[in-house]
$ cat input.cif   # mmCIF, C-alpha atoms
data_final
loop_
_atom_site.label_atom_id
_atom_site.label_comp_id
_atom_site.auth_asym_id
_atom_site.auth_seq_id
_atom_site.Cartn_x
_atom_site.Cartn_y
_atom_site.Cartn_z
CA MET A 1 17.29 -25.02 29.95
CA ARG A 2 15.02 -27.36 28.03
CA ALA A 3 14.00 -24.57 25.63
CA LEU A 4 17.62 -23.68 25.01
CA SER A 5 18.38 -27.33 24.50
CA SER A 6 15.63 -27.52 21.88
CA VAL A 7 16.99 -24.49 20.06
CA VAL A 8 20.44 -26.05 19.96
CA ALA A 9 18.97 -29.39 18.93
CA PHE A 10 17.11 -27.65 16.13
CA ALA A 11 20.22 -25.88 14.88
CA PHE A 12 21.97 -29.24 15.08
CA VAL A 13 19.31 -31.04 13.07
CA ALA A 14 19.00 -28.20 10.60
CA CYS A 15 22.58 -28.56 9.51
CA ALA A 16 23.06 -32.19 10.40
CA HIS A 17 22.92 -33.85 7.03
CA GLU A 18 23.88 -31.31 4.43
CA GLY A 19 25.93 -32.93 1.73
CA GLY A 20 25.54 -36.32 3.36
CA TYR A 21 24.25 -39.56 1.93
CA GLU A 22 20.56 -39.43 1.03
CA PRO A 23 18.90 -42.76 0.20
CA VAL A 24 16.43 -42.56 -2.68
CA VAL A 25 14.20 -45.46 -3.72
CA SER A 26 13.76 -45.56 -7.47
CA GLY A 27 10.13 -46.11 -8.39
CA GLY A 28 8.99 -45.62 -4.80
CA ASP A 29 6.26 -43.21 -3.80
CA ALA A 30 6.20 -42.08 -0.17
CA LYS A 31 2.54 -41.09 -0.19
CA ARG A 32 1.42 -44.49 -1.44
CA GLY A 33 3.89 -46.02 0.98
CA ARG A 34 2.13 -44.43 3.94
CA GLN A 35 -1.11 -45.98 2.77
CA ALA A 36 0.53 -49.37 2.27
CA ILE A 37 2.07 -49.26 5.74
CA ALA A 38 -1.36 -48.64 7.23
CA GLU A 39 -2.90 -51.49 5.23
CA LEU A 40 -0.09 -53.94 5.98
CA GLU A 41 -0.31 -53.02 9.66
CA CYS A 42 3.41 -52.46 10.12
CA GLY A 43 2.36 -50.28 13.04
CA ALA A 44 1.38 -53.33 15.04
CA CYS A 45 5.08 -53.75 15.80
CA HIS A 46 6.70 -50.41 14.96
CA GLN A 47 6.23 -46.80 15.90
CA ILE A 48 5.94 -44.99 12.58
CA PRO A 49 5.36 -41.23 12.57
CA GLY A 50 2.52 -40.08 10.32
CA VAL A 51 0.74 -43.42 10.31
CA PRO A 52 -2.35 -43.46 12.56
CA GLY A 53 -2.23 -46.22 15.13
CA ALA A 54 1.39 -47.13 14.43
CA TRP A 55 2.52 -47.31 18.03
CA GLY A 56 3.89 -50.84 18.22
CA ARG A 57 6.78 -51.56 20.56
CA VAL A 58 7.75 -55.00 19.34
CA GLY A 59 10.29 -53.82 16.80
CA PRO A 60 12.36 -50.66 16.88
CA PRO A 61 10.77 -47.23 16.26
CA LEU A 62 11.21 -46.18 12.64
CA ALA A 63 11.37 -42.40 13.05
CA GLU A 64 14.14 -40.70 11.06
CA TYR A 65 14.81 -44.03 9.45
CA ARG A 66 17.02 -42.68 6.68
CA HIS A 67 19.52 -41.55 9.30
CA ASN A 68 19.93 -45.08 10.61
CA VAL A 69 23.22 -46.54 9.50
CA TYR A 70 22.19 -50.19 9.48
CA ILE A 71 19.15 -52.32 8.78
CA ALA A 72 18.53 -54.89 11.48
CA GLY A 73 22.09 -54.21 12.58
CA LYS A 74 23.35 -56.41 9.77
CA HIS A 75 23.21 -54.55 6.51
CA PRO A 76 24.01 -51.04 5.37
CA ASN A 77 20.86 -48.95 5.26
CA VAL A 78 20.57 -48.47 1.50
CA PRO A 79 17.45 -48.50 -0.71
CA ASP A 80 17.95 -51.88 -2.42
CA VAL A 81 18.43 -53.68 0.86
CA LEU A 82 15.52 -51.94 2.58
CA VAL A 83 13.17 -52.75 -0.29
CA ARG A 84 14.09 -56.41 0.08
CA PHE A 85 14.03 -56.33 3.85
CA VAL A 86 10.54 -54.90 4.37
CA ARG A 87 9.18 -57.68 2.21
CA ASP A 88 11.36 -60.59 3.23
CA ALA A 89 13.29 -59.82 6.40
CA PRO A 90 14.26 -63.44 7.18
CA SER A 91 16.16 -63.72 3.90
CA LEU A 92 18.51 -60.96 5.07
CA ALA A 93 18.44 -61.59 8.80
CA PRO A 94 17.76 -65.29 9.38
CA ASP A 95 17.12 -65.06 13.13
CA THR A 96 14.93 -61.99 12.95
CA ALA A 97 11.57 -61.87 14.68
CA MET A 98 10.25 -59.89 11.74
CA PRO A 99 8.26 -62.13 9.41
CA ALA A 100 8.18 -62.07 5.64
CA ILE A 101 5.22 -59.95 4.62
CA GLU A 102 3.29 -60.52 1.45
CA MET A 103 3.41 -57.45 -0.75
CA SER A 104 4.17 -56.47 -4.33
CA ASP A 105 7.52 -55.09 -5.42
CA THR A 106 5.89 -51.70 -5.94
CA GLN A 107 4.46 -51.78 -2.45
CA ALA A 108 7.86 -52.64 -1.02
CA ARG A 109 9.39 -49.69 -2.88
CA ASP A 110 6.64 -47.38 -1.66
CA VAL A 111 7.07 -48.53 1.94
CA ALA A 112 10.82 -47.97 1.77
CA ALA A 113 10.27 -44.55 0.18
CA TYR A 114 7.95 -43.57 3.02
CA LEU A 115 10.39 -44.74 5.69
CA TYR A 116 13.15 -42.71 4.05
CA SER A 117 10.90 -39.65 3.99
CA LEU A 118 10.59 -39.61 7.79
CA GLU A 119 12.37 -36.66 9.36
CA MET B 1 10.57 17.68 31.14
CA PRO B 2 14.08 16.98 32.46
CA SER B 3 12.88 13.93 34.34
CA PHE B 4 11.38 12.69 31.07
CA ILE B 5 14.80 12.86 29.46
CA HIS B 6 16.65 11.35 32.40
CA LYS B 7 14.44 8.37 33.01
CA PRO B 8 15.57 6.25 30.04
CA ARG B 9 19.20 6.92 30.87
CA ARG B 10 18.67 5.77 34.43
CA LYS B 11 17.10 2.64 33.06
CA VAL B 12 20.17 1.95 30.95
CA VAL B 13 22.46 2.45 33.92
CA LEU B 14 20.33 0.12 36.02
CA LEU B 15 20.27 -2.51 33.30
CA ALA B 16 24.03 -2.32 32.85
CA ALA B 17 24.55 -2.61 36.60
CA GLY B 18 22.20 -5.58 36.67
CA ALA B 19 24.01 -7.30 33.82
CA LEU B 20 27.38 -6.69 35.47
CA GLY B 21 25.98 -8.03 38.73
CA LEU B 22 24.85 -11.20 36.98
CA VAL B 23 28.26 -11.69 35.38
CA VAL B 24 29.98 -11.25 38.75
CA LEU B 25 27.51 -13.60 40.38
CA GLY B 26 28.05 -16.16 37.61
CA ALA B 27 31.83 -15.94 37.95
CA LEU B 28 31.54 -16.28 41.73
CA SER B 29 29.33 -19.36 41.60
CA ALA B 30 31.57 -20.90 38.94
CA SER B 31 34.55 -20.34 41.23
CA VAL B 32 32.73 -21.93 44.13
CA VAL B 33 31.87 -25.00 42.05
CA LEU B 34 35.45 -25.25 40.79
CA LEU B 35 37.26 -24.61 44.08
CA SER B 36 34.97 -26.74 46.19
CA GLY B 37 35.71 -29.74 44.00
CA ALA B 38 32.01 -30.24 43.33
CA TYR B 39 32.59 -30.47 39.60
CA SER B 40 33.38 -34.04 38.62
CA THR B 41 36.13 -34.61 36.07
CA ALA B 42 35.50 -38.37 36.03
CA ALA B 43 34.99 -39.93 32.63
CA THR B 44 32.06 -41.76 34.19
CA THR B 45 30.21 -38.49 34.78
CA GLN B 46 28.13 -37.85 31.72
CA HIS B 47 27.93 -34.38 30.17
CA PHE B 48 24.63 -32.54 30.23
CA LYS B 49 22.60 -33.21 27.13
CA ILE B 50 22.84 -29.56 26.18
CA THR B 51 26.64 -29.67 26.51
CA HIS B 52 26.69 -32.59 24.10
CA ARG B 53 24.40 -30.86 21.63
CA LEU B 54 26.38 -27.63 21.83
CA LEU B 55 29.67 -29.41 21.24
CA ASP B 56 28.20 -31.38 18.33
CA ALA B 57 26.70 -28.30 16.72
CA GLY B 58 29.91 -26.34 17.31
CA LEU B 59 31.95 -29.07 15.66
CA ARG B 60 29.69 -29.16 12.61
CA PHE B 61 29.62 -25.41 12.14
CA SER B 62 33.36 -25.17 12.56
CA VAL B 63 34.12 -28.04 10.20
CA ARG B 64 31.71 -26.78 7.58
CA SER B 65 33.29 -23.37 7.66
CA HIS B 66 36.90 -24.53 7.69
CA ALA B 67 36.47 -27.29 5.10
CA SER B 68 34.77 -25.05 2.58
CA GLY B 69 37.90 -24.58 0.46
CA VAL B 70 38.88 -28.26 0.36
CA LYS B 71 39.05 -29.79 -3.12
CA VAL B 72 38.17 -33.48 -3.22
CA PRO B 73 40.40 -35.54 -5.54
CA ASP B 74 39.26 -38.66 -7.40
CA LEU B 75 38.63 -41.16 -4.61
CA ALA B 76 38.18 -44.14 -6.91
CA ARG B 77 41.80 -44.51 -7.99
CA GLU B 78 43.29 -47.98 -7.86
CA GLY B 79 44.62 -49.11 -4.50
CA MET B 80 43.11 -46.18 -2.64
CA LEU B 81 40.47 -48.21 -0.86
CA GLU B 82 43.01 -50.80 0.27
CA ARG B 83 45.45 -48.16 1.48
CA GLY B 84 42.63 -46.44 3.31
CA ALA B 85 41.71 -49.76 4.92
CA ALA B 86 45.33 -50.14 6.02
CA CYS B 87 45.31 -46.67 7.57
CA TYR B 88 42.02 -47.43 9.29
CA ARG B 89 43.39 -50.66 10.70
CA MET B 90 46.57 -48.97 11.89
CA HIS B 91 45.19 -45.73 13.33
CA CYS B 92 41.38 -45.61 13.55
CA VAL B 93 39.70 -48.88 14.48
CA GLN B 94 41.18 -48.70 18.01
CA CYS B 95 38.86 -45.86 19.00
CA HIS B 96 36.15 -45.92 16.34
CA GLY B 97 35.54 -49.63 15.79
CA ALA B 98 34.37 -51.04 12.45
CA PRO B 99 31.32 -52.96 11.18
CA GLY B 100 31.06 -55.91 13.54
CA VAL B 101 34.47 -55.13 15.05
CA ALA B 102 34.75 -53.79 18.60
CA ARG B 103 36.91 -50.87 19.59
CA HIS B 104 40.04 -51.43 21.61
CA PRO B 105 39.24 -51.21 25.36
CA ALA B 106 40.75 -47.71 25.46
CA GLY B 107 38.21 -46.59 22.89
CA ARG B 108 35.22 -47.74 24.89
CA GLY B 109 35.33 -45.66 28.04
CA MET B 110 36.18 -42.25 26.63
CA LEU B 111 34.21 -39.11 27.31
CA PRO B 112 33.27 -37.84 24.83
CA ILE B 113 33.08 -41.17 23.05
CA ALA B 114 34.67 -41.37 19.60
CA SER B 115 31.95 -41.47 16.97
CA SER B 116 31.03 -44.56 14.98
CA LEU B 117 32.40 -43.58 11.61
CA ALA B 118 29.85 -45.58 9.64
CA GLN B 119 27.41 -42.91 10.75
CA SER B 120 29.74 -39.93 10.37
CA ALA B 121 30.65 -41.00 6.86
CA ARG B 122 27.01 -41.42 5.97
CA GLU B 123 26.18 -37.91 7.08
CA TRP B 124 29.30 -35.95 6.25
CA PRO B 125 30.69 -35.07 2.82
CA PRO B 126 34.24 -36.24 2.01
CA GLU B 127 35.75 -32.78 2.48
CA TRP B 128 34.53 -32.67 6.08
CA LEU B 129 35.88 -36.14 6.76
CA TYR B 130 39.22 -35.08 5.30
CA TYR B 131 39.33 -31.91 7.33
CA VAL B 132 38.54 -33.59 10.64
CA THR B 133 40.95 -36.45 10.02
CA ARG B 134 43.68 -34.06 9.01
CA LYS B 135 43.20 -31.47 11.73
CA GLY B 136 41.78 -33.47 14.66
CA VAL B 137 39.31 -32.14 17.19
CA HIS B 138 39.97 -30.08 20.29
CA MET B 139 39.43 -31.70 23.69
CA SER B 140 38.10 -34.89 22.16
CA GLY B 141 41.12 -37.15 21.94
CA MET B 142 41.12 -36.96 18.13
CA PRO B 143 44.63 -36.04 17.01
CA ALA B 144 45.65 -34.13 13.90
CA TRP B 145 46.59 -36.97 11.57
CA GLU B 146 48.31 -34.72 9.05
CA PHE B 147 51.43 -35.22 11.14
CA ARG B 148 51.22 -39.02 11.04
CA ILE B 149 49.58 -39.86 7.71
CA ALA B 150 50.79 -38.61 4.34
CA ASP B 151 48.29 -36.33 2.62
CA GLU B 152 47.58 -38.81 -0.18
CA ASP B 153 46.77 -41.44 2.40
CA LEU B 154 44.57 -39.03 4.34
CA TRP B 155 42.54 -39.10 1.14
CA SER B 156 42.84 -42.89 0.94
CA THR B 157 41.38 -42.99 4.42
CA VAL B 158 38.54 -40.75 3.30
CA ALA B 159 37.97 -43.02 0.29
CA PHE B 160 37.69 -45.93 2.72
CA LEU B 161 35.39 -43.98 5.04
CA THR B 162 32.96 -43.11 2.27
CA ARG B 163 32.50 -46.86 1.71
CA LEU B 164 32.32 -47.78 5.38
CA PRO B 165 28.59 -47.11 5.92
CA PHE B 166 27.79 -49.58 3.16
CA MET B 167 29.95 -52.44 4.37
CA THR B 168 28.68 -55.53 6.11
CA HIS B 169 30.84 -57.29 8.65
CA GLN B 170 31.89 -59.73 5.93
CA ASP B 171 32.70 -56.90 3.50
CA TYR B 172 34.95 -55.40 6.14
CA LEU B 173 36.70 -58.70 6.81
CA ASP B 174 37.21 -59.27 3.08
CA LEU B 175 38.72 -55.84 2.59
CA HIS B 176 40.81 -56.35 5.68
CA ALA B 177 42.27 -59.48 4.08
CA GLU B 178 42.69 -57.91 0.65
CA SER B 179 44.53 -54.93 2.08
CA ALA B 180 46.91 -57.02 4.21
CA ASP B 181 49.89 -56.12 2.03
CA PHE B 182 49.14 -52.42 2.00
CA SER B 183 50.55 -50.01 4.51
CA CYS B 184 49.61 -46.53 5.58
CA ARG B 185 52.25 -44.06 4.55
CA ALA B 186 53.61 -41.47 6.97
CA PRO B 187 54.50 -38.00 5.74
CA THR B 188 58.16 -37.77 4.78
CA GLU B 189 58.42 -34.40 6.46
CA MET B 190 55.78 -32.55 8.38
CA ARG B 191 53.55 -30.56 6.09
CA HIS B 192 54.98 -27.12 5.77
CA ASP B 193 51.63 -25.43 5.23
CA ALA B 194 50.32 -27.09 8.36
CA LEU B 195 52.91 -25.37 10.48
CA HIS B 196 52.10 -21.85 9.30
CA GLY B 197 55.81 -21.26 9.80
CA ASP B 198 55.15 -21.73 13.51
CA VAL B 199 57.79 -23.81 15.20
CA LYS B 200 55.60 -24.10 18.31
CA VAL B 201 53.39 -26.47 16.35
CA VAL B 202 56.45 -28.64 15.73
CA PHE B 203 57.15 -28.93 19.45
CA ARG B 204 53.55 -29.75 20.19
CA GLN B 205 53.25 -32.37 17.47
CA TYR B 206 56.22 -34.31 18.82
CA ALA B 207 54.63 -34.07 22.28
CA CYS B 208 57.70 -32.25 23.70
CA HIS B 209 55.47 -30.26 26.04
CA ALA B 210 54.16 -33.43 27.65
CA CYS B 211 57.47 -33.62 29.53
CA HIS B 212 59.07 -30.17 29.23
CA ARG B 213 57.92 -26.70 30.03
CA ILE B 214 58.92 -24.76 26.93
CA GLU B 215 59.33 -21.03 26.60
CA GLY B 216 56.30 -19.51 24.86
CA ILE B 217 54.27 -22.73 24.66
CA VAL B 218 51.09 -23.15 26.64
CA GLY B 219 50.78 -26.63 28.11
CA PRO B 220 50.81 -28.70 31.27
CA LYS B 221 53.22 -27.79 34.06
CA SER B 222 55.37 -30.78 33.15
CA ARG B 223 58.31 -31.66 35.27
CA VAL B 224 59.30 -34.92 33.66
CA GLY B 225 62.17 -33.40 31.73
CA PRO B 226 63.94 -30.16 32.56
CA PRO B 227 62.22 -26.89 31.69
CA LEU B 228 63.38 -25.54 28.33
CA VAL B 229 63.22 -21.97 29.48
CA ASP B 230 65.99 -19.44 29.23
CA TRP B 231 67.83 -22.04 27.20
CA PRO B 232 70.71 -19.95 25.80
CA ARG B 233 72.11 -19.73 29.32
CA ARG B 234 72.45 -23.48 29.66
CA LYS B 235 75.94 -24.83 29.43
CA TYR B 236 75.13 -28.43 28.52
CA VAL B 237 72.69 -30.48 26.58
CA ALA B 238 71.44 -33.35 28.75
CA GLY B 239 74.39 -32.65 31.00
CA VAL B 240 76.76 -34.27 28.54
CA LEU B 241 77.31 -32.09 25.48
CA PRO B 242 78.20 -28.43 25.20
CA ASN B 243 75.10 -26.41 24.39
CA THR B 244 75.48 -25.72 20.69
CA GLU B 245 72.96 -25.89 17.87
CA GLU B 246 74.53 -29.02 16.38
CA ASN B 247 74.72 -30.85 19.70
CA LEU B 248 71.18 -29.94 20.51
CA ILE B 249 70.04 -31.36 17.18
CA ARG B 250 72.01 -34.54 17.80
CA PHE B 251 70.43 -35.03 21.19
CA ILE B 252 66.88 -34.24 20.09
CA ARG B 253 67.16 -36.79 17.29
CA ASP B 254 68.81 -39.57 19.28
CA PRO B 255 68.74 -38.96 23.03
CA GLN B 256 69.84 -42.41 24.09
CA GLY B 257 72.59 -42.47 21.48
CA VAL B 258 74.09 -39.35 23.04
CA SER B 259 73.30 -40.20 26.66
CA PRO B 260 72.85 -43.98 27.02
CA HIS B 261 70.51 -44.18 29.98
CA SER B 262 68.49 -41.14 29.11
CA LEU B 263 64.80 -41.50 29.79
CA MET B 264 64.07 -39.24 26.88
CA PRO B 265 62.89 -41.48 24.06
CA LYS B 266 63.63 -41.22 20.39
CA LEU B 267 60.68 -39.44 18.80
CA ASP B 268 61.69 -39.76 15.14
CA VAL B 269 62.33 -36.07 14.78
CA GLY B 270 63.58 -35.23 11.30
CA GLU B 271 66.65 -33.10 10.70
CA VAL B 272 64.63 -30.09 9.59
CA HIS B 273 62.41 -30.07 12.62
CA ALA B 274 65.24 -30.74 15.04
CA ARG B 275 67.02 -27.70 13.64
CA GLN B 276 63.89 -25.57 13.93
CA MET B 277 63.53 -26.63 17.55
CA ALA B 278 67.17 -26.02 18.37
CA ARG B 279 67.11 -22.55 16.85
CA TYR B 280 63.92 -21.69 18.67
CA LEU B 281 65.35 -22.78 22.01
CA LEU B 282 68.65 -21.02 21.45
CA ALA B 283 66.88 -17.80 20.55
CA SER B 284 64.56 -17.85 23.55
CA GLU B 285 65.21 -15.40 26.33
#

$ encode --input "input.cif" --output "structure tokens"
Amino acid sequence: MRALSSVVAFAFVACAHEGGYEPVVSGGDAKRGRQAIAELECGACHQIPGVPGAWGRVGPPLAEYRHNVYIAGKHPNVPDVLVRFVRDAPSLAPDTAMPAIEMSDTQARDVAAYLYSLE
Amino acid sequence: MPSFIHKPRRKVVLLAAGALGLVVLGALSASVVLLSGAYSTAATTQHFKITHRLLDAGLRFSVRSHASGVKVPDLAREGMLERGAACYRMHCVQCHGAPGVARHPAGRGMLPIASSLAQSAREWPPEWLYYVTRKGVHMSGMPAWEFRIADEDLWSTVAFLTRLPFMTHQDYLDLHAESADFSCRAPTEMRHDALHGDVKVVFRQYACHACHRIEGIVGPKSRVGPPLVDWPRRKYVAGVLPNTEENLIRFIRDPQGVSPHSLMPKLDVGEVHARQMARYLLASE
């Protein structure tokens, strides 16, 4: 039953997003983003696949992030907003528990690019 | 030597018998579950996960295949977004909700639950959205809107949907206000190509079979109105008018006008469809 379920789930995922919206961060590099996420310790609060030690449970898990419809439940999940949000969450979601995190614009773009690369 | 030849054949026979046995066993256990009442039809009883996944996958494959020929028009034409917002407000938000806007209570407890369209529109191309909106979805509560919304406004709705995933609550409220003077247009006459020349679709789309058993139409065993079976033998329409094509059309279009206390409501049936229905009934044996 579980195996069958997985097969169906796979078929479902395989064809889930064809032709759909695909967020792309201009100037962002996913590989560098993974590194930045490790250095900035985003994993202290979030589960982030592919980043060693990123098992935090304070914020939501970030797997398959590009399929999320909203950021912080307040804004459409689009590249420009995510780039801003990872760096300065309180400016977009005033009551958020997520702090502003010091990073360069390039780093923010890389981080967003990595999050969007998660399957 | 002969046994060497016969062995594989015996194996085949055994396998076939085994398979047949399994099918019979499956049918028997299904009957037991059904007849015993063990299966719950309550909307509070969740589907199995695999049932959900299968239905989802089935929907996607079907929509992808059926929408492959759909040509998407320019969705950025003036007024389209506002008209789409009007359609959404009138027909969709009740079950699907909107950014920061709750569904109507009826849309909250459904099984399966109507999808949040901000996600659907993010994942699905416009032609799929159009197809599903136009044709509806089996056993899901999603009706075929081609019979309620004019084709151009089906596309307006799609234009709106493609923007929905990128709207904040405030964006939605603003558009809601800006589109206050727009309305969602109904089709002037039911789409001819949608009917495939099949008058049974006409009956079904006016919900006739919710109250009447109708010759040749599969539906509930309704006993609200009289059965429309063997109709040519009837002497009267609604017990008041002689059973002729013209009288039948009159009654179908305005039941309470013909028979003042009739419980049959006016369903806004157009002349063309009323005639198709009348002819169908009068030709049924």

$ closest_atom_pairs --input "input.cif" --of "chain B" --to "chain A" --cutoff "6 Å" --atoms "only C-alpha atoms" --output "CSV"
residue,atom,partner,partner_atom,distance
B:Ile50,CA,A:Ser5,CA,5.3
B:Ala57,CA,A:Phe12,CA,5.1
B:Gln119,CA,A:Val69,CA,5.7
B:Arg122,CA,A:Tyr21,CA,5.2
B:Glu123,CA,A:Gly20,CA,4.1
B:Trp124,CA,A:Gly20,CA,4.8
B:Pro125,CA,A:Gly20,CA,5.3
B:Phe166,CA,A:Pro76,CA,4.6
B:Thr168,CA,A:His75,CA,5.6

$ residues_near_point --input "input.cif" --point "(11.0, -57.4, 6.3)" --cutoff "10 Å" --atoms "only C-alpha atoms" --output "PyMOL selection string"
chain A and resi 42+71-72+81-93+96-102+108

$ atom_distance --input "input.cif" --atom1 "atom CA of B:Arg103" --atom2 "atom CA of B:Ala76"
27.4 Å

$ resolve_selection --input "input.cif" --expression "the PyMOL selection byres ((chain A and resi 27) around 8)" --output "PyMOL selection string"
chain A and resi 25-26+28-29+106+109-110

$ closest_residue --input "input.cif" --among "A:Gln107, A:Ala30, A:Glu64, A:Ala36" --to "A:Pro49" --atoms "all atoms listed in the file"
A:Glu64

$ closest_residue --input "input.cif" --among "B:Ser284, B:Thr51, B:Ser115, B:Ser259" --to "B:Gly216" --atoms "all atoms listed in the file"
B:Ser284

$ atom_distance --input "input.cif" --atom1 "atom CA of A:Arg34" --atom2 "atom CA of A:Gly50"
7.7 Å

$ decode --input "input.cif" --residues "stretch 44-57 of chain A" --atoms "C-alpha atoms" --output "mmCIF file, in the first residue's frame"
data_model
loop_
_atom_site.group_PDB
_atom_site.id
_atom_site.type_symbol
_atom_site.label_atom_id
_atom_site.label_comp_id
_atom_site.auth_asym_id
_atom_site.auth_seq_id
_atom_site.Cartn_x
_atom_site.Cartn_y
_atom_site.Cartn_z
ATOM 1 C CA ALA A 44 19.124 26.994 13.476
ATOM 2 C CA CYS A 45 15.439 27.734 12.907
ATOM 3 C CA HIS A 46 14.540 26.016 9.629
ATOM 4 C CA GLN A 47 14.763 22.558 8.168
ATOM 5 C CA ILE A 48 16.556 23.047 4.862
ATOM 6 C CA PRO A 49 17.297 20.001 2.704
ATOM 7 C CA GLY A 50 20.887 19.776 1.477
ATOM 8 C CA VAL A 51 22.303 21.959 4.237
ATOM 9 C CA PRO A 52 24.117 19.949 6.936
ATOM 10 C CA GLY A 53 22.743 20.601 10.385
ATOM 11 C CA ALA A 54 19.735 22.557 9.155
ATOM 12 C CA TRP A 55 17.158 20.837 11.317
ATOM 13 C CA GLY A 56 15.639 23.777 13.161
ATOM 14 C CA ARG A 57 11.992 23.636 14.158
#
